[in-house]
2 protein chains.
Amino acid sequence: MLQALKDAIIRDGVGIGTEVVKVDSFLNHRIDVKLVRQMGEAFAEAFRDDRIDLVLTIEASGIGAAIATAQSLGDVPVVFAKKGKTRNTSGDVYTAEVYSFTHQVTNVIRVDRKYLTAGMRVLIIDDFMANGEAVQGLRSVLEQAGCVCAGVGVCIEKGFQPGGNRLRSEGVKYVPLAVVDAIDHGRIILRDE
Amino acid sequence: MLQALKDAIIRDGVGIGTEVVKVDSFLNHRIDVKLVRQMGEAFAEAFRDDRIDLVLTIEASGIGAAIATAQSLGDVPVVFAKKGKTRNTSGDVYTAEVYSFTHQVTNVIRVDRKYLTAGMRVLIIDDFMANGEAVQGLRSVLEQAGCVCAGVGVCIEKGFQPGGNRLRSEGVKYVPLAVVDAIDHGRIILRDE
């Protein structure tokens, strides 16, 4: 957990209904670049001993934290999966389907084959963990490439949705920097760990 | 100009036909995070005395360089414009239409009104300058918000397309870190400055 992120969520996050956590003011639209650096340092510390060869994320909101993490891990490369509506039929890319509950649409993510080599130890970084569809799509890409998913780090987990617990139950090394346990009449309730 | 970027373009860039410069291996898909940091330092040095309040970019490939620049400018905030197909009709956002010659499609970019305050001095950062549509869209957003466009920095200008020269002729402070003058049978020819 990262106290600076928890503070930002409480101070600037907006809870809507029972499921939506808006952090547009420091993570998803406007970016607090000092916080991004701190998130990178926190992920790097958590995965320091996991011999990470590459950080994998997905456009667009995960890119900042992924770069910061890669820099703190000694300048390992970042690859960001691209999102599209259609399955690219060329053989040059790994693809996976990712359903977005938020937008109720299925996206296809793709990663160029030449940037993933069998045996690479890859750290997945993303901004949000909700139902976990994006991370599962990235894990599928890694599996197709014969890479090892050495861990998953997310900035904010929505603890009342199943993605985080699925990773925990599967024994994947999983590090969220903040967990939202509930949204209660606009108030965001964070897990205390 | 940034020698490390010029070296990367010559070493790893791929010239296709007479107009396409592919830098997927270090900028647009896989990211060389050390180079991103160097680009940020170069932009920050160029705009050090321009009293920048905020860095504005557009998802997704510009985000890395924008964050690095903002960090080197003393942790000013970044805002990235979001891209969509449709004009958001709520009054909460500034929008502009951006035509992509590459994809032959018109996107609508949008920035939440609350992140741009009249009088702010804003630095626009993007990965590529070709016809200049994206940067003109961002300038339109700044104008709507009453902000000052204090400068424009791009990683790579395609010097044979009109976007860069348009900015120069309008007297905007404009800093490209590398300029591709031509693509000749697959060979990328950089401007020597």
# chains A, B, ... in the order shown; residues from 1 in each chain; ligands from 1
$ interface_residues --of "chain A" --to "chain B" --cutoff "10 Å" --atoms "only C-alpha atoms" --output "PyMOL selection string"
chain A and resi 24-37+54-56+58-71+74-82+111-112+114-116
$ write_last_selection --atoms "N, CA and C atoms" --output "compact mmCIF listing (two decimals), in the first residue's frame"
# COMPACT_ATOMS: atom_id res chain seq x y z
N ASP A 24 -9.86 10.96 -11.97
CA ASP A 24 -9.45 11.77 -13.13
C ASP A 24 -8.52 12.91 -12.76
N SER A 25 -8.57 13.37 -11.53
CA SER A 25 -7.83 14.58 -11.19
C SER A 25 -6.36 14.31 -10.88
N PHE A 26 -5.98 13.03 -10.74
CA PHE A 26 -4.55 12.77 -10.50
C PHE A 26 -4.02 11.53 -11.20
N LEU A 27 -4.89 10.74 -11.86
CA LEU A 27 -4.40 9.50 -12.45
C LEU A 27 -4.88 9.25 -13.88
N ASN A 28 -6.13 9.49 -14.17
CA ASN A 28 -6.71 9.04 -15.44
C ASN A 28 -6.91 10.12 -16.50
N HIS A 29 -6.64 11.35 -16.16
CA HIS A 29 -6.85 12.41 -17.14
C HIS A 29 -5.85 13.54 -16.85
N ARG A 30 -5.96 14.11 -15.66
CA ARG A 30 -4.86 14.92 -15.14
C ARG A 30 -3.96 13.96 -14.37
N ILE A 31 -2.63 14.18 -14.44
CA ILE A 31 -1.70 13.26 -13.80
C ILE A 31 -0.82 14.01 -12.81
N ASP A 32 -0.81 13.52 -11.57
CA ASP A 32 0.12 14.02 -10.54
C ASP A 32 1.44 13.28 -10.76
N VAL A 33 2.42 13.97 -11.35
CA VAL A 33 3.62 13.25 -11.80
C VAL A 33 4.52 12.84 -10.63
N LYS A 34 4.43 13.55 -9.53
CA LYS A 34 5.19 13.13 -8.35
C LYS A 34 4.60 11.82 -7.80
N LEU A 35 3.29 11.74 -7.79
CA LEU A 35 2.63 10.51 -7.33
C LEU A 35 2.96 9.34 -8.25
N VAL A 36 3.02 9.61 -9.56
CA VAL A 36 3.38 8.56 -10.52
C VAL A 36 4.77 8.00 -10.19
N ARG A 37 5.71 8.91 -9.88
CA ARG A 37 7.06 8.47 -9.52
C ARG A 37 7.04 7.63 -8.25
N LEU A 54 10.88 -7.05 -18.21
CA LEU A 54 10.05 -6.15 -19.01
C LEU A 54 8.77 -5.84 -18.24
N VAL A 55 8.27 -4.62 -18.39
CA VAL A 55 6.99 -4.23 -17.80
C VAL A 55 5.97 -4.13 -18.92
N LEU A 56 4.83 -4.80 -18.73
CA LEU A 56 3.77 -4.80 -19.73
C LEU A 56 2.55 -4.07 -19.18
N ILE A 58 -1.15 -1.51 -20.64
CA ILE A 58 -2.14 -1.36 -21.71
C ILE A 58 -2.45 0.13 -21.83
N GLU A 59 -2.58 0.60 -23.08
CA GLU A 59 -2.85 2.03 -23.22
C GLU A 59 -4.20 2.36 -22.60
N ALA A 60 -4.44 3.57 -22.07
CA ALA A 60 -3.50 4.65 -22.01
C ALA A 60 -3.12 4.94 -20.56
N SER A 61 -4.05 4.72 -19.62
CA SER A 61 -3.83 5.23 -18.26
C SER A 61 -2.75 4.48 -17.48
N GLY A 62 -2.38 3.29 -17.92
CA GLY A 62 -1.36 2.55 -17.20
C GLY A 62 0.06 2.95 -17.56
N ILE A 63 0.21 3.71 -18.63
CA ILE A 63 1.56 3.95 -19.18
C ILE A 63 2.46 4.70 -18.20
N GLY A 64 1.93 5.70 -17.54
CA GLY A 64 2.75 6.49 -16.63
C GLY A 64 3.34 5.65 -15.51
N ALA A 65 2.50 4.88 -14.83
CA ALA A 65 2.98 4.04 -13.72
C ALA A 65 3.93 2.97 -14.23
N ALA A 66 3.65 2.44 -15.42
CA ALA A 66 4.52 1.40 -15.98
C ALA A 66 5.92 1.94 -16.25
N ILE A 67 6.01 3.12 -16.85
CA ILE A 67 7.32 3.72 -17.14
C ILE A 67 8.06 4.02 -15.84
N ALA A 68 7.36 4.59 -14.87
CA ALA A 68 8.00 4.91 -13.60
C ALA A 68 8.53 3.65 -12.92
N THR A 69 7.77 2.58 -12.98
CA THR A 69 8.21 1.31 -12.39
C THR A 69 9.45 0.78 -13.10
N ALA A 70 9.40 0.80 -14.42
CA ALA A 70 10.53 0.29 -15.22
C ALA A 70 11.79 1.09 -14.95
N GLN A 71 11.64 2.41 -14.78
CA GLN A 71 12.81 3.24 -14.47
C GLN A 71 13.37 2.87 -13.10
N GLY A 74 15.61 -0.12 -12.87
CA GLY A 74 16.89 -0.09 -13.58
C GLY A 74 16.74 0.03 -15.08
N ASP A 75 15.68 0.72 -15.51
CA ASP A 75 15.47 1.00 -16.93
C ASP A 75 15.23 -0.25 -17.78
N VAL A 76 14.42 -1.18 -17.27
CA VAL A 76 13.96 -2.27 -18.14
C VAL A 76 12.94 -1.69 -19.12
N PRO A 77 12.74 -2.32 -20.27
CA PRO A 77 11.79 -1.77 -21.25
C PRO A 77 10.33 -1.92 -20.81
N VAL A 78 9.49 -1.07 -21.36
CA VAL A 78 8.04 -1.16 -21.21
C VAL A 78 7.44 -1.52 -22.56
N VAL A 79 6.42 -2.35 -22.56
CA VAL A 79 5.59 -2.54 -23.75
C VAL A 79 4.16 -2.23 -23.36
N PHE A 80 3.50 -1.37 -24.14
CA PHE A 80 2.07 -1.19 -23.86
C PHE A 80 1.25 -1.85 -24.97
N ALA A 81 0.32 -2.70 -24.54
CA ALA A 81 -0.61 -3.33 -25.48
C ALA A 81 -1.50 -2.26 -26.08
N LYS A 82 -1.80 -2.40 -27.36
CA LYS A 82 -2.69 -1.46 -28.02
C LYS A 82 -4.10 -2.02 -28.03
N VAL A 111 -0.24 -7.17 -28.99
CA VAL A 111 1.17 -6.89 -28.72
C VAL A 111 1.98 -7.52 -29.85
N ASP A 112 2.88 -6.75 -30.41
CA ASP A 112 3.74 -7.24 -31.48
C ASP A 112 4.58 -8.40 -30.96
N LYS A 114 7.38 -9.46 -31.74
CA LYS A 114 8.84 -9.35 -31.62
C LYS A 114 9.29 -8.71 -30.32
N TYR A 115 8.34 -8.19 -29.52
CA TYR A 115 8.74 -7.56 -28.25
C TYR A 115 8.59 -8.49 -27.05
N LEU A 116 8.10 -9.70 -27.30
CA LEU A 116 7.99 -10.69 -26.21
C LEU A 116 8.74 -11.95 -26.62
$ select_by_dssp --residues "range 133-184 of chain A" --states "strand (DSSP E)" --output "count of residues only"
22
$ calpha_fit_and_write --fixed "chain A" --moving "chain B" --output "mmCIF file with C-alpha atoms, in the first residue's frame"
data_model
loop_
_atom_site.group_PDB
_atom_site.id
_atom_site.type_symbol
_atom_site.label_atom_id
_atom_site.label_comp_id
_atom_site.auth_asym_id
_atom_site.auth_seq_id
_atom_site.Cartn_x
_atom_site.Cartn_y
_atom_site.Cartn_z
ATOM 1 C CA MET B 1 0.012 -0.005 0.015
ATOM 2 C CA LEU B 2 1.161 3.524 -0.726
ATOM 3 C CA GLN B 3 0.070 6.157 1.747
ATOM 4 C CA ALA B 4 0.494 9.034 -0.723
ATOM 5 C CA LEU B 5 -1.938 7.321 -3.116
ATOM 6 C CA LYS B 6 -4.425 6.559 -0.334
ATOM 7 C CA ASP B 7 -4.263 10.202 0.722
ATOM 8 C CA ALA B 8 -4.903 11.344 -2.871
ATOM 9 C CA ILE B 9 -7.889 9.000 -3.224
ATOM 10 C CA ILE B 10 -9.462 10.280 -0.005
ATOM 11 C CA ARG B 11 -8.688 13.916 -0.840
ATOM 12 C CA ASP B 12 -9.456 14.040 -4.563
ATOM 13 C CA GLY B 13 -11.190 10.804 -5.559
ATOM 14 C CA VAL B 14 -14.913 10.902 -6.318
ATOM 15 C CA GLY B 15 -17.169 7.997 -5.401
ATOM 16 C CA ILE B 16 -20.252 7.624 -7.583
ATOM 17 C CA GLY B 17 -23.054 5.180 -6.816
ATOM 18 C CA THR B 18 -21.724 1.951 -5.317
ATOM 19 C CA GLU B 19 -19.119 1.007 -7.930
ATOM 20 C CA VAL B 20 -17.435 3.997 -9.608
ATOM 21 C CA VAL B 21 -14.231 5.544 -8.289
ATOM 22 C CA LYS B 22 -13.222 8.609 -10.312
ATOM 23 C CA VAL B 23 -9.573 9.571 -10.040
ATOM 24 C CA ASP B 24 -9.453 11.774 -13.124
ATOM 25 C CA SER B 25 -7.834 14.577 -11.177
ATOM 26 C CA PHE B 26 -4.541 12.777 -10.499
ATOM 27 C CA LEU B 27 -4.393 9.500 -12.444
ATOM 28 C CA ASN B 28 -6.703 9.045 -15.432
ATOM 29 C CA HIS B 29 -6.848 12.418 -17.145
ATOM 30 C CA ARG B 30 -4.852 14.929 -15.127
ATOM 31 C CA ILE B 31 -1.689 13.260 -13.801
ATOM 32 C CA ASP B 32 0.109 14.028 -10.547
ATOM 33 C CA VAL B 33 3.616 13.254 -11.799
ATOM 34 C CA LYS B 34 5.184 13.133 -8.343
ATOM 35 C CA LEU B 35 2.636 10.520 -7.325
ATOM 36 C CA VAL B 36 3.389 8.560 -10.512
ATOM 37 C CA ARG B 37 7.055 8.476 -9.523
ATOM 38 C CA GLN B 38 6.154 7.316 -6.001
ATOM 39 C CA MET B 39 3.933 4.570 -7.421
ATOM 40 C CA GLY B 40 6.797 3.439 -9.635
ATOM 41 C CA GLU B 41 9.132 3.290 -6.652
ATOM 42 C CA ALA B 42 6.582 1.326 -4.625
ATOM 43 C CA PHE B 43 6.061 -1.251 -7.388
ATOM 44 C CA ALA B 44 9.809 -1.512 -7.958
ATOM 45 C CA GLU B 45 10.394 -2.142 -4.278
ATOM 46 C CA ALA B 46 7.716 -4.853 -4.219
ATOM 47 C CA PHE B 47 9.128 -6.645 -7.278
ATOM 48 C CA ARG B 48 12.825 -5.871 -6.751
ATOM 49 C CA ASP B 49 13.810 -9.537 -6.286
ATOM 50 C CA ASP B 50 11.662 -10.958 -9.077
ATOM 51 C CA ARG B 51 14.208 -10.482 -11.858
ATOM 52 C CA ILE B 52 11.839 -8.475 -14.071
ATOM 53 C CA ASP B 53 12.915 -8.278 -17.737
ATOM 54 C CA LEU B 54 10.051 -6.153 -19.009
ATOM 55 C CA VAL B 55 6.991 -4.235 -17.797
ATOM 56 C CA LEU B 56 3.762 -4.817 -19.741
ATOM 57 C CA THR B 57 0.774 -2.479 -19.580
ATOM 58 C CA ILE B 58 -2.137 -1.367 -21.713
ATOM 59 C CA GLU B 59 -2.861 2.022 -23.226
ATOM 60 C CA ALA B 60 -3.493 4.660 -22.013
ATOM 61 C CA SER B 61 -3.817 5.243 -18.272
ATOM 62 C CA GLY B 62 -1.358 2.555 -17.196
ATOM 63 C CA ILE B 63 1.558 3.958 -19.176
ATOM 64 C CA GLY B 64 2.755 6.492 -16.610
ATOM 65 C CA ALA B 65 2.988 4.052 -13.715
ATOM 66 C CA ALA B 66 4.525 1.406 -15.977
ATOM 67 C CA ILE B 67 7.317 3.719 -17.131
ATOM 68 C CA ALA B 68 8.001 4.918 -13.581
ATOM 69 C CA THR B 69 8.203 1.310 -12.394
ATOM 70 C CA ALA B 70 10.520 0.296 -15.212
ATOM 71 C CA GLN B 71 12.801 3.250 -14.466
ATOM 72 C CA SER B 72 12.945 2.324 -10.787
ATOM 73 C CA LEU B 73 13.751 -1.272 -11.751
ATOM 74 C CA GLY B 74 16.858 -0.086 -13.580
ATOM 75 C CA ASP B 75 15.455 1.002 -16.945
ATOM 76 C CA VAL B 76 13.957 -2.268 -18.130
ATOM 77 C CA PRO B 77 11.790 -1.769 -21.244
ATOM 78 C CA VAL B 78 8.040 -1.163 -21.211
ATOM 79 C CA VAL B 79 5.597 -2.537 -23.754
ATOM 80 C CA PHE B 80 2.074 -1.180 -23.872
ATOM 81 C CA ALA B 81 -0.603 -3.319 -25.477
ATOM 82 C CA LYS B 82 -2.687 -1.469 -28.036
ATOM 83 C CA LYS B 83 -6.461 -1.486 -27.973
ATOM 84 C CA GLY B 84 -8.714 -1.808 -30.988
ATOM 85 C CA LYS B 85 -12.157 -2.903 -31.988
ATOM 86 C CA THR B 86 -11.150 -5.588 -34.420
ATOM 87 C CA ARG B 87 -8.955 -8.622 -34.346
ATOM 88 C CA ASN B 88 -5.847 -7.955 -36.392
ATOM 89 C CA THR B 89 -5.546 -10.920 -38.704
ATOM 90 C CA SER B 90 -1.847 -10.586 -39.425
ATOM 91 C CA GLY B 91 0.321 -13.171 -37.776
ATOM 92 C CA ASP B 92 2.678 -10.593 -36.349
ATOM 93 C CA VAL B 93 0.762 -9.934 -33.134
ATOM 94 C CA TYR B 94 -0.506 -11.724 -30.063
ATOM 95 C CA THR B 95 -4.106 -10.774 -29.332
ATOM 96 C CA ALA B 96 -6.668 -11.240 -26.583
ATOM 97 C CA GLU B 97 -10.248 -10.131 -26.167
ATOM 98 C CA VAL B 98 -10.950 -7.845 -23.230
ATOM 99 C CA TYR B 99 -14.491 -7.068 -22.179
ATOM 100 C CA SER B 100 -14.991 -3.673 -20.542
ATOM 101 C CA PHE B 101 -17.829 -3.674 -18.025
ATOM 102 C CA THR B 102 -17.550 0.117 -17.804
ATOM 103 C CA HIS B 103 -18.081 0.700 -21.503
ATOM 104 C CA GLN B 104 -19.902 -2.587 -22.208
ATOM 105 C CA VAL B 105 -17.765 -3.283 -25.212
ATOM 106 C CA THR B 106 -15.230 -5.947 -26.159
ATOM 107 C CA ASN B 107 -11.842 -4.612 -27.156
ATOM 108 C CA VAL B 108 -9.074 -6.589 -28.733
ATOM 109 C CA ILE B 109 -5.652 -5.925 -27.284
ATOM 110 C CA ARG B 110 -2.545 -6.671 -29.280
ATOM 111 C CA VAL B 111 1.172 -6.890 -28.730
ATOM 112 C CA ASP B 112 3.732 -7.237 -31.492
ATOM 113 C CA ARG B 113 5.324 -10.682 -31.307
ATOM 114 C CA LYS B 114 8.834 -9.344 -31.634
ATOM 115 C CA TYR B 115 8.734 -7.564 -28.262
ATOM 116 C CA LEU B 116 7.985 -10.689 -26.216
ATOM 117 C CA THR B 117 10.527 -13.502 -26.126
ATOM 118 C CA ALA B 118 9.848 -16.909 -24.593
ATOM 119 C CA GLY B 119 11.200 -17.134 -21.070
ATOM 120 C CA MET B 120 11.059 -13.392 -20.349
ATOM 121 C CA ARG B 121 9.965 -12.534 -16.820
ATOM 122 C CA VAL B 122 7.263 -9.899 -17.197
ATOM 123 C CA LEU B 123 5.620 -7.612 -14.653
ATOM 124 C CA ILE B 124 2.095 -6.457 -15.541
ATOM 125 C CA ILE B 125 1.202 -2.942 -14.351
ATOM 126 C CA ASP B 126 -2.204 -1.303 -14.718
ATOM 127 C CA ASP B 127 -4.064 1.605 -13.188
ATOM 128 C CA PHE B 128 -7.227 -0.214 -12.063
ATOM 129 C CA MET B 129 -8.227 -3.707 -11.035
ATOM 130 C CA ALA B 130 -11.969 -4.275 -11.160
ATOM 131 C CA ASN B 131 -13.243 -7.440 -12.811
ATOM 132 C CA GLY B 132 -9.746 -8.162 -13.986
ATOM 133 C CA GLU B 133 -10.480 -8.520 -17.685
ATOM 134 C CA ALA B 134 -7.564 -6.352 -18.830
ATOM 135 C CA VAL B 135 -5.004 -8.165 -16.688
ATOM 136 C CA GLN B 136 -6.362 -11.558 -17.784
ATOM 137 C CA GLY B 137 -5.992 -10.428 -21.390
ATOM 138 C CA LEU B 138 -2.389 -9.420 -20.762
ATOM 139 C CA ARG B 139 -1.725 -12.754 -19.019
ATOM 140 C CA SER B 140 -3.156 -14.548 -22.045
ATOM 141 C CA VAL B 141 -0.760 -12.634 -24.296
ATOM 142 C CA LEU B 142 2.177 -13.620 -22.063
ATOM 143 C CA GLU B 143 1.102 -17.250 -22.121
ATOM 144 C CA GLN B 144 0.900 -17.225 -25.919
ATOM 145 C CA ALA B 145 4.433 -15.822 -26.009
ATOM 146 C CA GLY B 146 5.828 -18.334 -23.521
ATOM 147 C CA CYS B 147 6.710 -15.561 -21.072
ATOM 148 C CA VAL B 148 6.505 -15.821 -17.290
ATOM 149 C CA CYS B 149 4.055 -13.520 -15.530
ATOM 150 C CA ALA B 150 6.327 -12.651 -12.603
ATOM 151 C CA GLY B 151 3.732 -10.444 -10.968
ATOM 152 C CA VAL B 152 0.882 -7.999 -11.290
ATOM 153 C CA GLY B 153 0.806 -4.509 -9.799
ATOM 154 C CA VAL B 154 -2.184 -2.178 -9.917
ATOM 155 C CA CYS B 155 -2.563 1.324 -8.583
ATOM 156 C CA ILE B 156 -6.134 0.930 -7.324
ATOM 157 C CA GLU B 157 -8.097 -2.261 -6.741
ATOM 158 C CA LYS B 158 -11.853 -2.154 -6.403
ATOM 159 C CA GLY B 159 -11.959 -4.771 -3.651
ATOM 160 C CA PHE B 160 -15.675 -5.379 -4.079
ATOM 161 C CA GLN B 161 -15.124 -6.668 -7.625
ATOM 162 C CA PRO B 162 -13.574 -10.083 -8.281
ATOM 163 C CA GLY B 163 -10.371 -9.367 -10.246
ATOM 164 C CA GLY B 164 -7.987 -9.002 -7.317
ATOM 165 C CA ASN B 165 -9.249 -12.020 -5.416
ATOM 166 C CA ARG B 166 -9.015 -14.139 -8.522
ATOM 167 C CA LEU B 167 -5.289 -13.373 -8.752
ATOM 168 C CA ARG B 168 -4.816 -14.023 -5.029
ATOM 169 C CA SER B 169 -6.564 -17.388 -5.262
ATOM 170 C CA GLU B 170 -4.397 -18.374 -8.209
ATOM 171 C CA GLY B 171 -1.204 -17.650 -6.296
ATOM 172 C CA VAL B 172 -0.016 -14.897 -8.642
ATOM 173 C CA LYS B 173 2.217 -12.351 -6.884
ATOM 174 C CA TYR B 174 -0.142 -9.423 -6.788
ATOM 175 C CA VAL B 175 0.434 -5.946 -5.372
ATOM 176 C CA PRO B 176 -2.280 -3.264 -5.279
ATOM 177 C CA LEU B 177 -1.148 0.135 -3.960
ATOM 178 C CA ALA B 178 -4.621 0.935 -2.608
ATOM 179 C CA VAL B 179 -7.815 -1.078 -2.238
ATOM 180 C CA VAL B 180 -11.255 0.516 -2.245
ATOM 181 C CA ASP B 181 -13.525 -1.685 -0.148
ATOM 182 C CA ALA B 182 -16.742 0.198 -0.684
ATOM 183 C CA ILE B 183 -18.377 3.411 -1.791
ATOM 184 C CA ASP B 184 -20.906 4.575 0.736
ATOM 185 C CA HIS B 185 -23.039 7.588 -0.217
ATOM 186 C CA GLY B 186 -20.124 9.153 -2.073
ATOM 187 C CA ARG B 187 -17.592 8.311 0.604
ATOM 188 C CA ILE B 188 -14.701 6.108 -0.565
ATOM 189 C CA ILE B 189 -13.754 3.520 2.046
ATOM 190 C CA LEU B 190 -10.192 2.235 1.736
ATOM 191 C CA ARG B 191 -8.868 -1.045 3.052
ATOM 192 C CA ASP B 192 -6.624 -0.541 6.039
ATOM 193 C CA GLU B 193 -3.530 -2.740 5.702
#
$ select_by_dssp --residues "range 93-178 of chain B" --states "alpha helix (DSSP H)" --output "ChimeraX atom specification"
/B:133-145,163-169
$ decode --residues "range 82-103 of chain B" --atoms "N, CA and C atoms" --output "mmCIF file, in the first residue's frame"
data_model
loop_
_atom_site.group_PDB
_atom_site.id
_atom_site.type_symbol
_atom_site.label_atom_id
_atom_site.label_comp_id
_atom_site.auth_asym_id
_atom_site.auth_seq_id
_atom_site.Cartn_x
_atom_site.Cartn_y
_atom_site.Cartn_z
ATOM 1 N N LYS B 82 -8.279 13.076 -24.118
ATOM 2 C CA LYS B 82 -8.802 11.765 -24.473
ATOM 3 C C LYS B 82 -9.347 11.811 -25.891
ATOM 4 N N LYS B 83 -9.262 10.656 -26.540
ATOM 5 C CA LYS B 83 -9.688 10.543 -27.933
ATOM 6 C C LYS B 83 -10.969 9.738 -28.014
ATOM 7 N N GLY B 84 -11.900 10.153 -28.850
ATOM 8 C CA GLY B 84 -13.098 9.360 -29.047
ATOM 9 C C GLY B 84 -13.619 9.578 -30.448
ATOM 10 N N LYS B 85 -14.661 8.837 -30.762
ATOM 11 C CA LYS B 85 -15.226 8.974 -32.109
ATOM 12 C C LYS B 85 -16.300 10.057 -32.154
ATOM 13 N N THR B 86 -16.912 10.305 -31.008
ATOM 14 C CA THR B 86 -18.080 11.168 -31.023
ATOM 15 C C THR B 86 -17.872 12.395 -30.148
ATOM 16 N N ARG B 87 -18.529 13.444 -30.532
ATOM 17 C CA ARG B 87 -18.474 14.682 -29.785
ATOM 18 C C ARG B 87 -19.304 14.514 -28.512
ATOM 19 N N ASN B 88 -18.640 14.679 -27.385
ATOM 20 C CA ASN B 88 -19.343 14.610 -26.107
ATOM 21 C C ASN B 88 -20.205 15.869 -25.986
ATOM 22 N N THR B 89 -21.468 15.704 -25.748
ATOM 23 C CA THR B 89 -22.356 16.855 -25.773
ATOM 24 C C THR B 89 -22.526 17.512 -24.401
ATOM 25 N N SER B 90 -21.890 16.945 -23.387
ATOM 26 C CA SER B 90 -21.983 17.603 -22.083
ATOM 27 C C SER B 90 -21.176 18.886 -22.124
ATOM 28 N N GLY B 91 -21.514 19.805 -21.297
ATOM 29 C CA GLY B 91 -20.802 21.078 -21.291
ATOM 30 C C GLY B 91 -19.554 21.075 -20.450
ATOM 31 N N ASP B 92 -19.176 19.923 -19.950
ATOM 32 C CA ASP B 92 -18.062 19.855 -19.002
ATOM 33 C C ASP B 92 -16.700 19.769 -19.664
ATOM 34 N N VAL B 93 -16.670 19.639 -20.994
ATOM 35 C CA VAL B 93 -15.394 19.396 -21.668
ATOM 36 C C VAL B 93 -15.176 20.377 -22.822
ATOM 37 N N TYR B 94 -13.908 20.693 -23.049
ATOM 38 C CA TYR B 94 -13.507 21.350 -24.289
ATOM 39 C C TYR B 94 -13.242 20.253 -25.314
ATOM 40 N N THR B 95 -13.652 20.479 -26.553
ATOM 41 C CA THR B 95 -13.421 19.465 -27.581
ATOM 42 C C THR B 95 -12.817 20.103 -28.830
ATOM 43 N N ALA B 96 -12.186 19.275 -29.634
ATOM 44 C CA ALA B 96 -11.710 19.705 -30.950
ATOM 45 C C ALA B 96 -11.675 18.486 -31.850
ATOM 46 N N GLU B 97 -11.920 18.705 -33.118
ATOM 47 C CA GLU B 97 -11.851 17.606 -34.079
ATOM 48 C C GLU B 97 -10.429 17.485 -34.610
ATOM 49 N N VAL B 98 -9.957 16.259 -34.688
ATOM 50 C CA VAL B 98 -8.595 15.998 -35.153
ATOM 51 C C VAL B 98 -8.654 14.936 -36.241
ATOM 52 N N TYR B 99 -8.263 15.327 -37.447
ATOM 53 C CA TYR B 99 -8.260 14.368 -38.542
ATOM 54 C C TYR B 99 -6.929 13.625 -38.569
ATOM 55 N N SER B 100 -6.989 12.301 -38.628
ATOM 56 C CA SER B 100 -5.768 11.502 -38.726
ATOM 57 C C SER B 100 -5.562 11.066 -40.169
ATOM 58 N N PHE B 101 -4.493 11.587 -40.792
ATOM 59 C CA PHE B 101 -4.182 11.170 -42.156
ATOM 60 C C PHE B 101 -3.792 9.692 -42.185
ATOM 61 N N THR B 102 -3.103 9.259 -41.129
ATOM 62 C CA THR B 102 -2.655 7.860 -41.059
ATOM 63 C C THR B 102 -3.837 6.902 -41.097
ATOM 64 N N HIS B 103 -4.836 7.188 -40.257
ATOM 65 C CA HIS B 103 -5.959 6.257 -40.156
ATOM 66 C C HIS B 103 -7.175 6.733 -40.935
#
